[in-house]
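Everything below belongs to work-v7.cif, which stores mmCIF, C-alpha atoms (C1' of nucleotides).
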```
data_my_file
loop_
_atom_site.label_atom_id
_atom_site.label_comp_id
_atom_site.auth_asym_id
_atom_site.auth_seq_id
_atom_site.Cartn_x
_atom_site.Cartn_y
_atom_site.Cartn_z
CA MET A 110 119.80 140.50 166.72
CA THR A 111 116.03 140.08 166.69
CA ASP A 112 114.47 138.76 169.86
CA PRO A 113 112.13 135.89 168.93
CA LEU A 114 110.02 136.59 171.99
CA LEU A 115 109.58 140.24 171.05
CA GLU A 116 108.76 139.24 167.49
CA SER A 117 106.18 136.80 168.73
CA VAL A 118 104.47 139.40 170.92
CA VAL A 119 104.42 142.13 168.28
CA ARG A 120 103.14 139.72 165.66
CA ALA A 121 100.41 138.46 168.00
CA ASN A 122 99.39 142.03 168.80
CA HIS A 123 99.08 142.86 165.10
CA GLU A 124 97.29 139.67 164.28
CA LEU A 125 94.74 140.04 167.08
CA PHE A 126 93.96 143.52 165.87
CA MET A 127 93.60 142.47 162.24
CA ARG A 128 91.51 139.45 163.14
CA THR A 129 89.10 141.59 165.13
CA SER A 130 88.90 144.15 162.33
CA ASP A 131 88.17 141.45 159.82
CA ARG A 132 85.39 139.92 161.88
CA VAL A 133 83.75 143.20 162.69
CA THR A 134 83.65 144.96 159.34
CA ARG A 135 80.43 143.35 158.07
CA PRO A 136 78.37 143.68 161.23
CA LEU A 137 79.44 147.31 161.54
CA GLU A 138 77.98 148.01 158.12
CA GLU A 139 74.57 147.14 159.51
CA LEU A 140 75.04 149.96 162.01
CA GLY A 141 75.99 152.31 159.18
CA LEU A 142 79.59 152.37 160.39
CA THR A 143 83.02 151.63 158.98
CA LEU A 144 85.96 150.60 161.11
CA ALA A 145 87.29 154.16 161.08
CA THR A 146 84.00 155.74 162.14
CA ALA A 147 83.43 153.05 164.76
CA GLN A 148 86.82 153.71 166.32
CA ALA A 149 86.13 157.44 166.33
CA LEU A 150 82.80 156.80 168.01
CA TRP A 151 84.48 154.57 170.57
CA ALA A 152 86.95 157.35 171.34
CA ILE A 153 84.12 159.66 172.43
CA ASP A 154 83.24 158.64 175.97
CA PRO A 155 79.68 159.81 176.71
CA ASP A 156 80.48 160.01 180.43
CA ARG A 157 83.25 162.54 179.99
CA PRO A 158 83.38 166.10 178.74
CA PRO A 159 83.22 166.11 174.93
CA PRO A 160 86.71 166.02 173.41
CA SER A 161 88.07 168.61 171.03
CA MET A 162 89.14 167.65 167.52
CA LYS A 163 92.77 167.86 168.59
CA VAL A 164 92.25 165.50 171.50
CA LEU A 165 90.32 163.05 169.32
CA ALA A 166 93.01 163.11 166.66
CA GLY A 167 95.56 162.26 169.33
CA ARG A 168 93.52 159.34 170.58
CA LEU A 169 93.11 157.97 167.07
CA TYR A 170 96.69 158.60 165.96
CA CYS A 171 95.57 160.57 162.93
CA ASN A 172 96.02 164.15 161.80
CA ALA A 173 93.57 167.01 161.78
CA PRO A 174 92.29 166.79 158.18
CA ASN A 175 91.66 163.08 158.57
CA LEU A 176 89.73 163.57 161.76
CA SER A 177 87.65 166.31 160.20
CA PHE A 178 86.72 163.88 157.44
CA VAL A 179 85.74 161.10 159.86
CA VAL A 180 83.77 163.38 162.18
CA ASN A 181 81.90 164.69 159.16
CA GLN A 182 80.72 161.16 158.48
CA LEU A 183 79.45 160.84 162.05
CA VAL A 184 77.72 164.21 161.80
CA ASP A 185 76.12 163.24 158.48
CA ARG A 186 74.74 160.10 160.15
CA GLY A 187 73.30 162.10 163.03
CA LEU A 188 75.55 160.47 165.63
CA VAL A 189 77.65 163.48 166.56
CA GLU A 190 77.19 167.24 166.68
CA ARG A 191 79.93 169.82 166.55
CA GLY A 192 80.00 172.24 169.44
CA THR A 193 82.24 175.17 170.26
CA ASP A 194 84.36 175.18 173.38
CA PRO A 195 83.36 178.40 175.18
CA ALA A 196 86.78 178.52 176.84
CA ASP A 197 88.55 178.58 173.45
CA ARG A 198 86.31 179.56 170.60
CA ARG A 199 88.75 178.17 168.03
CA ALA A 200 88.22 174.65 169.31
CA ARG A 201 85.34 172.43 168.18
CA VAL A 202 84.18 169.58 170.36
CA ALA A 203 82.46 166.35 169.33
CA VAL A 204 79.20 165.80 171.21
CA LEU A 205 77.34 162.49 170.96
CA THR A 206 73.65 162.73 170.09
CA GLY A 207 71.13 160.38 171.67
CA ARG A 208 71.32 158.15 168.65
CA GLY A 209 75.11 158.47 168.76
CA ARG A 210 75.19 157.10 172.30
CA GLU A 211 72.96 154.20 171.29
CA ILE A 212 74.97 153.26 168.20
CA ARG A 213 78.22 153.68 170.08
CA LYS A 214 77.05 151.25 172.73
CA ARG A 215 76.17 148.69 170.08
CA ALA A 216 79.42 149.19 168.19
CA VAL A 217 81.60 148.80 171.27
CA ASP A 218 79.63 145.75 172.34
CA LEU A 219 80.18 144.26 168.90
CA LEU A 220 83.90 144.99 168.94
CA LEU A 221 84.29 143.35 172.33
CA ARG A 222 82.20 140.29 171.55
CA GLN A 223 84.00 139.65 168.25
CA SER A 224 87.45 140.05 169.73
CA PRO A 225 89.41 136.86 170.34
CA PHE A 226 89.94 138.22 173.86
CA ALA A 227 86.22 137.65 174.50
CA GLU A 228 86.95 133.97 175.09
CA CYS A 229 89.44 134.63 177.87
CA GLU A 230 88.90 133.63 181.48
CA PRO A 231 88.53 136.53 183.93
CA GLU A 232 91.88 135.60 185.44
CA GLU A 233 93.61 135.84 182.05
CA LEU A 234 91.92 139.15 181.32
CA ARG A 235 93.04 140.60 184.61
CA HIS A 236 96.56 139.51 183.88
CA LEU A 237 96.55 140.82 180.32
CA ALA A 238 95.01 144.12 181.34
CA GLU A 239 97.73 144.68 183.88
CA LEU A 240 100.56 143.84 181.51
CA LEU A 241 99.23 145.75 178.51
CA GLU A 242 98.34 148.88 180.46
CA GLN A 243 101.81 148.84 181.89
CA VAL A 244 103.35 148.71 178.42
CA LEU A 245 101.09 151.54 177.28
CA ASP A 246 101.93 153.73 180.26
CA ARG A 247 105.63 153.13 179.88
CA SER A 248 105.61 154.21 176.23
CA ALA A 249 103.47 157.28 176.81
CA ASP A 250 104.73 160.32 175.01
CA MET B 226 76.77 144.06 180.20
CA THR B 227 80.22 145.11 179.04
CA ASP B 228 83.15 143.74 180.98
CA PRO B 229 85.45 146.65 181.89
CA LEU B 230 88.41 144.30 181.96
CA LEU B 231 87.68 143.00 178.48
CA GLU B 232 87.21 146.54 177.23
CA SER B 233 90.51 147.56 178.75
CA VAL B 234 92.37 144.70 177.08
CA VAL B 235 90.82 145.18 173.65
CA ARG B 236 91.40 148.90 173.77
CA ALA B 237 95.02 148.46 174.87
CA ASN B 238 95.66 145.95 172.11
CA HIS B 239 94.20 148.30 169.49
CA GLU B 240 96.09 151.25 170.83
CA LEU B 241 99.42 149.43 170.89
CA PHE B 242 98.92 148.46 167.27
CA MET B 243 97.98 151.98 166.20
CA ARG B 244 100.84 153.51 168.12
CA THR B 245 103.32 151.20 166.44
CA SER B 246 101.82 151.93 163.02
CA ASP B 247 102.03 155.64 163.66
CA ARG B 248 105.67 155.51 164.71
CA VAL B 249 106.74 153.32 161.86
CA THR B 250 105.13 154.95 158.84
CA ARG B 251 107.85 157.56 158.24
CA PRO B 252 110.88 155.31 158.64
CA LEU B 253 109.27 152.73 156.36
CA GLU B 254 109.06 155.34 153.61
CA GLU B 255 112.84 155.46 153.58
CA LEU B 256 112.81 151.76 152.74
CA GLY B 257 110.34 152.41 149.94
CA LEU B 258 107.59 150.68 151.91
CA THR B 259 104.14 151.49 153.18
CA LEU B 260 102.59 149.79 156.17
CA ALA B 261 100.65 147.46 153.89
CA THR B 262 103.65 146.40 151.84
CA ALA B 263 105.77 146.02 154.98
CA GLN B 264 103.24 143.70 156.54
CA ALA B 265 103.06 141.67 153.36
CA LEU B 266 106.83 141.43 153.30
CA TRP B 267 106.83 140.36 156.94
CA ALA B 268 104.34 137.61 156.12
CA ILE B 269 106.81 136.00 153.69
CA ASP B 270 109.21 133.99 155.84
CA PRO B 271 112.44 133.50 153.85
CA ASP B 272 113.16 130.29 155.78
CA ARG B 273 109.98 128.57 154.71
CA PRO B 274 108.61 127.45 151.35
CA PRO B 275 107.23 130.48 149.46
CA PRO B 276 103.54 130.99 150.22
CA SER B 277 100.82 131.06 147.59
CA MET B 278 98.67 134.14 147.09
CA LYS B 279 95.82 132.43 148.88
CA VAL B 280 97.95 131.63 151.91
CA LEU B 281 99.32 135.16 152.03
CA ALA B 282 95.84 136.66 151.79
CA GLY B 283 94.81 134.51 154.73
CA ARG B 284 97.75 135.67 156.82
CA LEU B 285 97.01 139.31 156.06
CA TYR B 286 93.24 139.05 156.45
CA CYS B 287 92.62 140.53 153.04
CA ASN B 288 91.01 139.26 149.88
CA ALA B 289 92.57 138.13 146.63
CA PRO B 290 92.35 141.35 144.59
CA ASN B 291 93.85 143.33 147.43
CA LEU B 292 96.72 140.93 147.80
CA SER B 293 97.39 141.01 144.07
CA PHE B 294 97.66 144.78 144.30
CA VAL B 295 100.06 144.70 147.24
CA VAL B 296 102.27 141.98 145.78
CA ASN B 297 102.45 143.97 142.56
CA GLN B 298 103.99 146.81 144.54
CA LEU B 299 106.60 144.46 145.98
CA VAL B 300 107.33 143.06 142.51
CA ASP B 301 107.65 146.56 141.07
CA ARG B 302 110.22 147.37 143.78
CA GLY B 303 112.20 144.25 143.01
CA LEU B 304 111.59 142.68 146.41
CA VAL B 305 109.44 139.76 145.33
CA GLU B 306 109.11 137.55 142.27
CA ARG B 307 106.08 135.58 141.27
CA GLY B 308 106.64 131.87 140.79
CA THR B 309 104.36 129.05 139.78
CA ASP B 310 103.71 126.16 142.12
CA PRO B 311 104.62 123.05 140.08
CA ALA B 312 102.21 120.98 142.16
CA ASP B 313 99.27 123.23 141.20
CA ARG B 314 99.91 125.36 138.17
CA ARG B 315 96.99 127.65 139.02
CA ALA B 316 98.73 128.86 142.13
CA ARG B 317 101.32 131.65 142.15
CA VAL B 318 103.83 131.84 144.95
CA ALA B 319 105.63 134.89 146.33
CA VAL B 320 109.41 134.42 146.34
CA LEU B 321 111.67 136.93 148.08
CA THR B 322 114.57 138.27 146.02
CA GLY B 323 117.95 138.90 147.59
CA ARG B 324 117.05 142.55 147.99
CA GLY B 325 113.65 141.46 149.30
CA ARG B 326 115.28 139.48 152.07
CA GLU B 327 117.47 142.42 152.98
CA ILE B 328 114.64 144.97 153.05
CA ARG B 329 112.40 142.56 154.92
CA LYS B 330 115.02 142.15 157.60
CA ARG B 331 115.32 145.90 158.00
CA ALA B 332 111.55 146.42 158.01
CA VAL B 333 110.92 143.77 160.66
CA ASP B 334 113.75 145.12 162.76
CA LEU B 335 112.21 148.58 162.52
CA LEU B 336 108.75 147.33 163.46
CA LEU B 337 110.11 145.56 166.52
CA ARG B 338 112.32 148.39 167.70
CA GLN B 339 109.56 150.98 167.38
CA SER B 340 106.97 148.86 169.12
CA PRO B 341 106.15 149.84 172.70
CA PHE B 342 106.78 146.18 173.52
CA ALA B 343 110.46 146.77 172.79
CA GLU B 344 110.84 148.31 176.24
CA CYS B 345 109.59 145.22 178.04
CA GLU B 346 111.72 143.10 180.32
CA PRO B 347 112.41 139.57 179.06
CA GLU B 348 110.22 138.22 181.83
CA GLU B 349 107.27 140.36 180.74
CA LEU B 350 107.79 139.38 177.13
CA ARG B 351 107.79 135.71 177.99
CA HIS B 352 104.60 136.17 179.92
CA LEU B 353 102.90 138.21 177.20
CA ALA B 354 103.96 135.83 174.47
CA GLU B 355 102.47 132.91 176.33
CA LEU B 356 99.16 134.65 177.00
CA LEU B 357 98.73 136.17 173.54
CA GLU B 358 99.66 133.02 171.65
CA GLN B 359 97.14 131.17 173.76
CA VAL B 360 94.40 133.64 172.82
CA LEU B 361 95.37 133.37 169.16
CA ASP B 362 95.36 129.58 169.18
CA ARG B 363 92.03 129.41 170.94
CA SER B 364 90.35 131.65 168.37
CA ALA B 365 91.87 129.88 165.37
CA ASP B 366 89.38 129.27 162.63
"C1'" DG C 116 88.47 110.87 127.59
"C1'" DC C 117 85.16 114.86 127.79
"C1'" DC C 118 82.45 118.52 129.67
"C1'" DA C 119 80.70 121.10 133.74
"C1'" DT C 120 82.07 122.83 137.92
"C1'" DT C 121 85.27 124.53 141.16
"C1'" DT C 122 89.48 126.88 142.51
"C1'" DA C 123 93.40 130.36 142.18
"C1'" DC C 124 94.48 134.38 140.49
"C1'" DT C 125 94.25 138.88 137.94
"C1'" DT C 126 92.23 143.14 136.08
"C1'" DC C 127 89.13 146.83 136.42
"C1'" DG C 128 86.36 150.33 138.46
"C1'" DA C 129 84.36 152.47 142.52
"C1'" DG C 130 84.68 154.08 147.06
"C1'" DG C 131 86.90 154.80 151.52
"C1'" DC C 132 90.99 156.37 154.14
"C1'" DT C 133 94.97 159.37 154.88
"C1'" DC C 134 97.81 163.06 154.24
"C1'" DG C 135 100.20 167.75 152.93
"C1'" DA C 136 99.25 172.40 151.47
"C1'" DA C 137 96.59 176.36 151.90
"C1'" DG C 138 93.32 179.24 154.13
"C1'" DC C 139 90.22 181.06 157.94
"C1'" DA C 140 89.11 182.26 162.72
"C1'" DC C 141 90.64 182.90 167.14
"C1'" DC C 142 94.09 183.31 170.82
"C1'" DT C 143 98.47 185.12 172.77
"C1'" DT C 144 102.46 187.73 173.26
"C1'" DG C 145 104.90 191.82 173.02
"C1'" DC D 120 97.41 196.91 168.20
"C1'" DA D 121 100.41 194.14 165.34
"C1'" DA D 122 102.77 189.63 164.61
"C1'" DG D 123 102.98 185.06 165.29
"C1'" DG D 124 100.93 180.79 166.99
"C1'" DT D 125 97.04 177.45 167.40
"C1'" DG D 126 92.75 174.80 166.06
"C1'" DC D 127 90.18 173.55 162.50
"C1'" DT D 128 88.46 172.95 157.71
"C1'" DT D 129 88.70 172.41 152.65
"C1'" DC D 130 90.90 170.71 148.70
"C1'" DG D 131 93.44 167.62 145.86
"C1'" DA D 132 96.30 163.59 145.36
"C1'" DG D 133 97.61 158.99 146.41
"C1'" DC D 134 97.05 154.65 148.61
"C1'" DC D 135 94.13 150.83 150.30
"C1'" DT D 136 90.21 147.74 149.87
"C1'" DC D 137 86.65 145.49 147.78
"C1'" DG D 138 83.01 143.32 144.43
"C1'" DA D 139 82.32 141.98 139.72
"C1'" DA D 140 83.99 139.90 135.76
"C1'" DG D 141 87.33 137.26 133.21
"C1'" DT D 142 91.27 133.66 132.43
"C1'" DA D 143 93.78 129.46 133.37
"C1'" DA D 144 94.20 125.19 135.59
"C1'" DA D 145 92.43 121.38 138.45
"C1'" DT D 146 88.61 118.31 139.75
"C1'" DG D 147 84.60 115.35 139.47
"C1'" DG D 148 80.89 112.90 137.04
"C1'" DC D 149 79.68 110.39 133.12
#
```
Mind turning the file's structure into structure tokens?
Amino acid sequence: MTDPLLESVVRANHELFMRTSDRVTRPLEELGLTLATAQALWAIDPDRPPPSMKVLAGRLYCNAPNLSFVVNQLVDRGLVERGTDPADRRARVAVLTGRGREIRKRAVDLLLRQSPFAECEPEELRHLAELLEQVLDRSAD
Amino acid sequence: MTDPLLESVVRANHELFMRTSDRVTRPLEELGLTLATAQALWAIDPDRPPPSMKVLAGRLYCNAPNLSFVVNQLVDRGLVERGTDPADRRARVAVLTGRGREIRKRAVDLLLRQSPFAECEPEELRHLAELLEQVLDRSAD
DNA sequence: GCCATTTACTTCGAGGCTCGAAGCACCTTG
DNA sequence: CAAGGTGCTTCGAGCCTCGAAGTAAATGGC
């Protein structure tokens, strides 16, 4: 009752993720980052309004205490500052510092270059992007 | 210098993995598994000769001590037994027990059903499988 | 055949990640 | 204004991961 095609796709998805993680762990250390902090940094787009803790936790599929822990690491490293949302004074937002923007740029660049997808032709990438985004949209909660 | 298409693909791949992990953690607990032990179990194909610790560690992108720890959990739960490779008596192999085969089947089934890819049309799956396997092969070490 | 080296694995200890429970501050509803 | 809900943090426990060190077996040089 298991679809071999589905199994192949899911396995490939997992393996591509793990392979990238494996390749990237060492170089990230030189930026003072772990995989968890790098992903959190990636999730803070400097060109958009700073996200609240709740929004960030949603993006990273983790819960509030975990996110608090990770953001603390970024704050300790001077990459992020906590702000207060004036519209809802309960909410804290994560704001990138100048150094945060710089390190984020380097971390994302590293993640992309080390990914097996980096060797794809533009045509393949276009195709993959379309298919994967479609799957993501369709499974949106 | 960052390719938006590449970024989109890498991000989608990561997100699909994390979303699956998130959905699957609770149900796996009912099988007595964590994500780490489930992945290890998945990596032991009952229809192939039992893999050595070294081979398993390679498949899971982890190092030897980590794998030892994870396999110990599977042994403690009665899902795996350690054997000795007669061709190289240094090497230990991971052999699924009867219960191991049963739980593995259920765990893999769960992983596939909960994956966002489960909602794909056969045509999409075929397409994705082809593209992703190609990326994997091309980046093989 | 013997000893040094290499390989496969395990144990141990430290540190990072993740989570539930509990508590605080603020918002919202009546 | 009171009661309940929401957003976040702290705390403690458990799991995951890794490097260092140690054991057993295979390999290579002599």
### Query
What does the PyMOL selection byres ((chain B) within 9 of (chain C)) select in this file, as a VMD selection string?
chain B and resid 278 to 279 289 to 290 293 315 to 317
File of the preceding selection, C-alpha atoms, as a PDB file, in the coordinates of the input:
```pdb
ATOM      1  CA  MET B 278      98.670 134.140 147.090  1.00  0.00           C
ATOM      2  CA  LYS B 279      95.820 132.430 148.880  1.00  0.00           C
ATOM      3  CA  ALA B 289      92.570 138.130 146.630  1.00  0.00           C
ATOM      4  CA  PRO B 290      92.350 141.350 144.590  1.00  0.00           C
ATOM      5  CA  SER B 293      97.390 141.010 144.070  1.00  0.00           C
ATOM      6  CA  ARG B 315      96.990 127.650 139.020  1.00  0.00           C
ATOM      7  CA  ALA B 316      98.730 128.860 142.130  1.00  0.00           C
ATOM      8  CA  ARG B 317     101.320 131.650 142.150  1.00  0.00           C
TER       9      ARG B 317
END
```
### Task
With a cut-off of 9 Å and counting all atoms listed in the file, select all residues of chain A in contact with chain B and give the selection as a VMD selection string.
chain A and resid 110 to 112 114 to 119 121 to 128 130 to 131 168 to 171 217 to 218 220 to 221 224 to 229 231 233 to 242 244 to 245 247 to 249
### Task
Given the file shown, determine the residues that the PyMOL selection byres ((chain D) within 8 of (chain A)) selects; report them as a ChimeraX atom specification.
/D:126-128
Hand me chain A as it sits after a least-squares fit onto chain B over every Cα, paired in order, written as a compact mmCIF listing (two decimals) with C-alpha atoms, in the frame of the given file.
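As written to disk, superposed.txt reads:
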```txt
# COMPACT_ATOMS: atom_id res chain seq x y z
CA MET A 110 76.81 144.10 180.29
CA THR A 111 80.25 145.17 179.09
CA ASP A 112 83.18 143.78 181.01
CA PRO A 113 85.51 146.68 181.88
CA LEU A 114 88.46 144.32 181.95
CA LEU A 115 87.70 143.02 178.46
CA GLU A 116 87.23 146.57 177.23
CA SER A 117 90.54 147.57 178.70
CA VAL A 118 92.39 144.70 177.02
CA VAL A 119 90.80 145.19 173.60
CA ARG A 120 91.41 148.92 173.74
CA ALA A 121 95.04 148.39 174.74
CA ASN A 122 95.51 145.90 171.92
CA HIS A 123 94.14 148.39 169.38
CA GLU A 124 96.08 151.27 170.78
CA LEU A 125 99.40 149.40 170.80
CA PHE A 126 98.87 148.48 167.19
CA MET A 127 97.96 152.02 166.14
CA ARG A 128 100.83 153.51 168.10
CA THR A 129 103.32 151.22 166.41
CA SER A 130 101.83 151.96 162.99
CA ASP A 131 102.06 155.66 163.62
CA ARG A 132 105.69 155.52 164.69
CA VAL A 133 106.77 153.32 161.85
CA THR A 134 105.15 154.95 158.84
CA ARG A 135 107.86 157.56 158.21
CA PRO A 136 110.89 155.33 158.63
CA LEU A 137 109.28 152.74 156.35
CA GLU A 138 109.07 155.33 153.60
CA GLU A 139 112.85 155.47 153.58
CA LEU A 140 112.83 151.76 152.74
CA GLY A 141 110.35 152.41 149.93
CA LEU A 142 107.61 150.66 151.90
CA THR A 143 104.15 151.48 153.18
CA LEU A 144 102.59 149.78 156.18
CA ALA A 145 100.64 147.45 153.90
CA THR A 146 103.66 146.39 151.85
CA ALA A 147 105.79 146.03 154.98
CA GLN A 148 103.24 143.70 156.56
CA ALA A 149 103.07 141.66 153.36
CA LEU A 150 106.85 141.42 153.33
CA TRP A 151 106.84 140.36 156.96
CA ALA A 152 104.36 137.61 156.14
CA ILE A 153 106.82 136.01 153.71
CA ASP A 154 109.24 134.01 155.84
CA PRO A 155 112.46 133.51 153.85
CA ASP A 156 113.19 130.30 155.78
CA ARG A 157 110.00 128.59 154.70
CA PRO A 158 108.63 127.46 151.36
CA PRO A 159 107.25 130.48 149.48
CA PRO A 160 103.55 130.99 150.23
CA SER A 161 100.84 131.06 147.61
CA MET A 162 98.69 134.14 147.12
CA LYS A 163 95.83 132.41 148.92
CA VAL A 164 97.96 131.61 151.94
CA LEU A 165 99.33 135.16 152.06
CA ALA A 166 95.86 136.64 151.82
CA GLY A 167 94.83 134.50 154.77
CA ARG A 168 97.77 135.66 156.84
CA LEU A 169 97.03 139.30 156.09
CA TYR A 170 93.26 139.04 156.50
CA CYS A 171 92.63 140.51 153.07
CA ASN A 172 91.01 139.21 149.90
CA ALA A 173 92.58 138.08 146.67
CA PRO A 174 92.33 141.30 144.62
CA ASN A 175 93.84 143.29 147.46
CA LEU A 176 96.73 140.91 147.82
CA SER A 177 97.38 140.98 144.10
CA PHE A 178 97.62 144.76 144.33
CA VAL A 179 100.06 144.69 147.26
CA VAL A 180 102.25 141.96 145.79
CA ASN A 181 102.44 143.96 142.58
CA GLN A 182 103.97 146.80 144.55
CA LEU A 183 106.59 144.45 145.99
CA VAL A 184 107.32 143.05 142.54
CA ASP A 185 107.63 146.56 141.08
CA ARG A 186 110.19 147.37 143.79
CA GLY A 187 112.20 144.25 143.01
CA LEU A 188 111.58 142.69 146.42
CA VAL A 189 109.44 139.76 145.34
CA GLU A 190 109.09 137.57 142.27
CA ARG A 191 106.05 135.59 141.28
CA GLY A 192 106.62 131.90 140.78
CA THR A 193 104.33 129.07 139.77
CA ASP A 194 103.68 126.17 142.09
CA PRO A 195 104.61 123.09 140.02
CA ALA A 196 102.19 120.99 142.08
CA ASP A 197 99.25 123.24 141.13
CA ARG A 198 99.90 125.38 138.11
CA ARG A 199 97.00 127.69 138.96
CA ALA A 200 98.73 128.85 142.12
CA ARG A 201 101.32 131.64 142.17
CA VAL A 202 103.83 131.84 144.98
CA ALA A 203 105.64 134.89 146.33
CA VAL A 204 109.42 134.43 146.35
CA LEU A 205 111.68 136.95 148.09
CA THR A 206 114.57 138.27 146.01
CA GLY A 207 117.95 138.94 147.59
CA ARG A 208 117.05 142.57 147.99
CA GLY A 209 113.65 141.49 149.30
CA ARG A 210 115.28 139.50 152.09
CA GLU A 211 117.48 142.45 152.99
CA ILE A 212 114.66 145.00 153.06
CA ARG A 213 112.42 142.59 154.93
CA LYS A 214 115.04 142.18 157.62
CA ARG A 215 115.31 145.93 158.02
CA ALA A 216 111.55 146.44 158.03
CA VAL A 217 110.92 143.79 160.67
CA ASP A 218 113.75 145.14 162.78
CA LEU A 219 112.21 148.59 162.54
CA LEU A 220 108.75 147.35 163.47
CA LEU A 221 110.11 145.56 166.52
CA ARG A 222 112.31 148.40 167.71
CA GLN A 223 109.52 150.98 167.37
CA SER A 224 106.95 148.85 169.14
CA PRO A 225 106.13 149.82 172.71
CA PHE A 226 106.77 146.15 173.53
CA ALA A 227 110.47 146.77 172.79
CA GLU A 228 110.83 148.30 176.25
CA CYS A 229 109.58 145.21 178.05
CA GLU A 230 111.72 143.07 180.33
CA PRO A 231 112.41 139.54 179.07
CA GLU A 232 110.22 138.19 181.86
CA GLU A 233 107.27 140.34 180.75
CA LEU A 234 107.78 139.34 177.13
CA ARG A 235 107.79 135.68 178.01
CA HIS A 236 104.59 136.14 179.92
CA LEU A 237 102.90 138.17 177.20
CA ALA A 238 103.98 135.77 174.48
CA GLU A 239 102.45 132.88 176.33
CA LEU A 240 99.16 134.63 177.00
CA LEU A 241 98.74 136.15 173.55
CA GLU A 242 99.64 132.98 171.66
CA GLN A 243 97.13 131.15 173.76
CA VAL A 244 94.40 133.62 172.83
CA LEU A 245 95.35 133.35 169.16
CA ASP A 246 95.33 129.55 169.20
CA ARG A 247 92.00 129.42 170.97
CA SER A 248 90.34 131.66 168.38
CA ALA A 249 91.82 129.86 165.39
CA ASP A 250 89.33 129.24 162.66
```
### Query
In Å, with one decimal, what is the gap from CA of Leu258 (chain B) to C1' of DC135 (chain D)?
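Atom-to-atom, CA of Leu258 (chain B) and C1' of DC135 (chain D) are spaced 13.6 Å apart.
From CA of Ala261 (chain B) back to CA of Leu281 (chain B), the distance works out to 12.5 Å.
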### Message
Give me the residues near region 319-327 of chain B as a count of residues only, where near means some atom within 6 Å (using all atoms listed in the file) and where sequence neighbours in that chain fewer than 4 positions away do not count.
### Response
6
### Message
Quick check, in Å to one decimal: how far apart do C1' of DC137 (chain D) and CA of Gly141 (chain A) lie?
### Response
17.0 Å
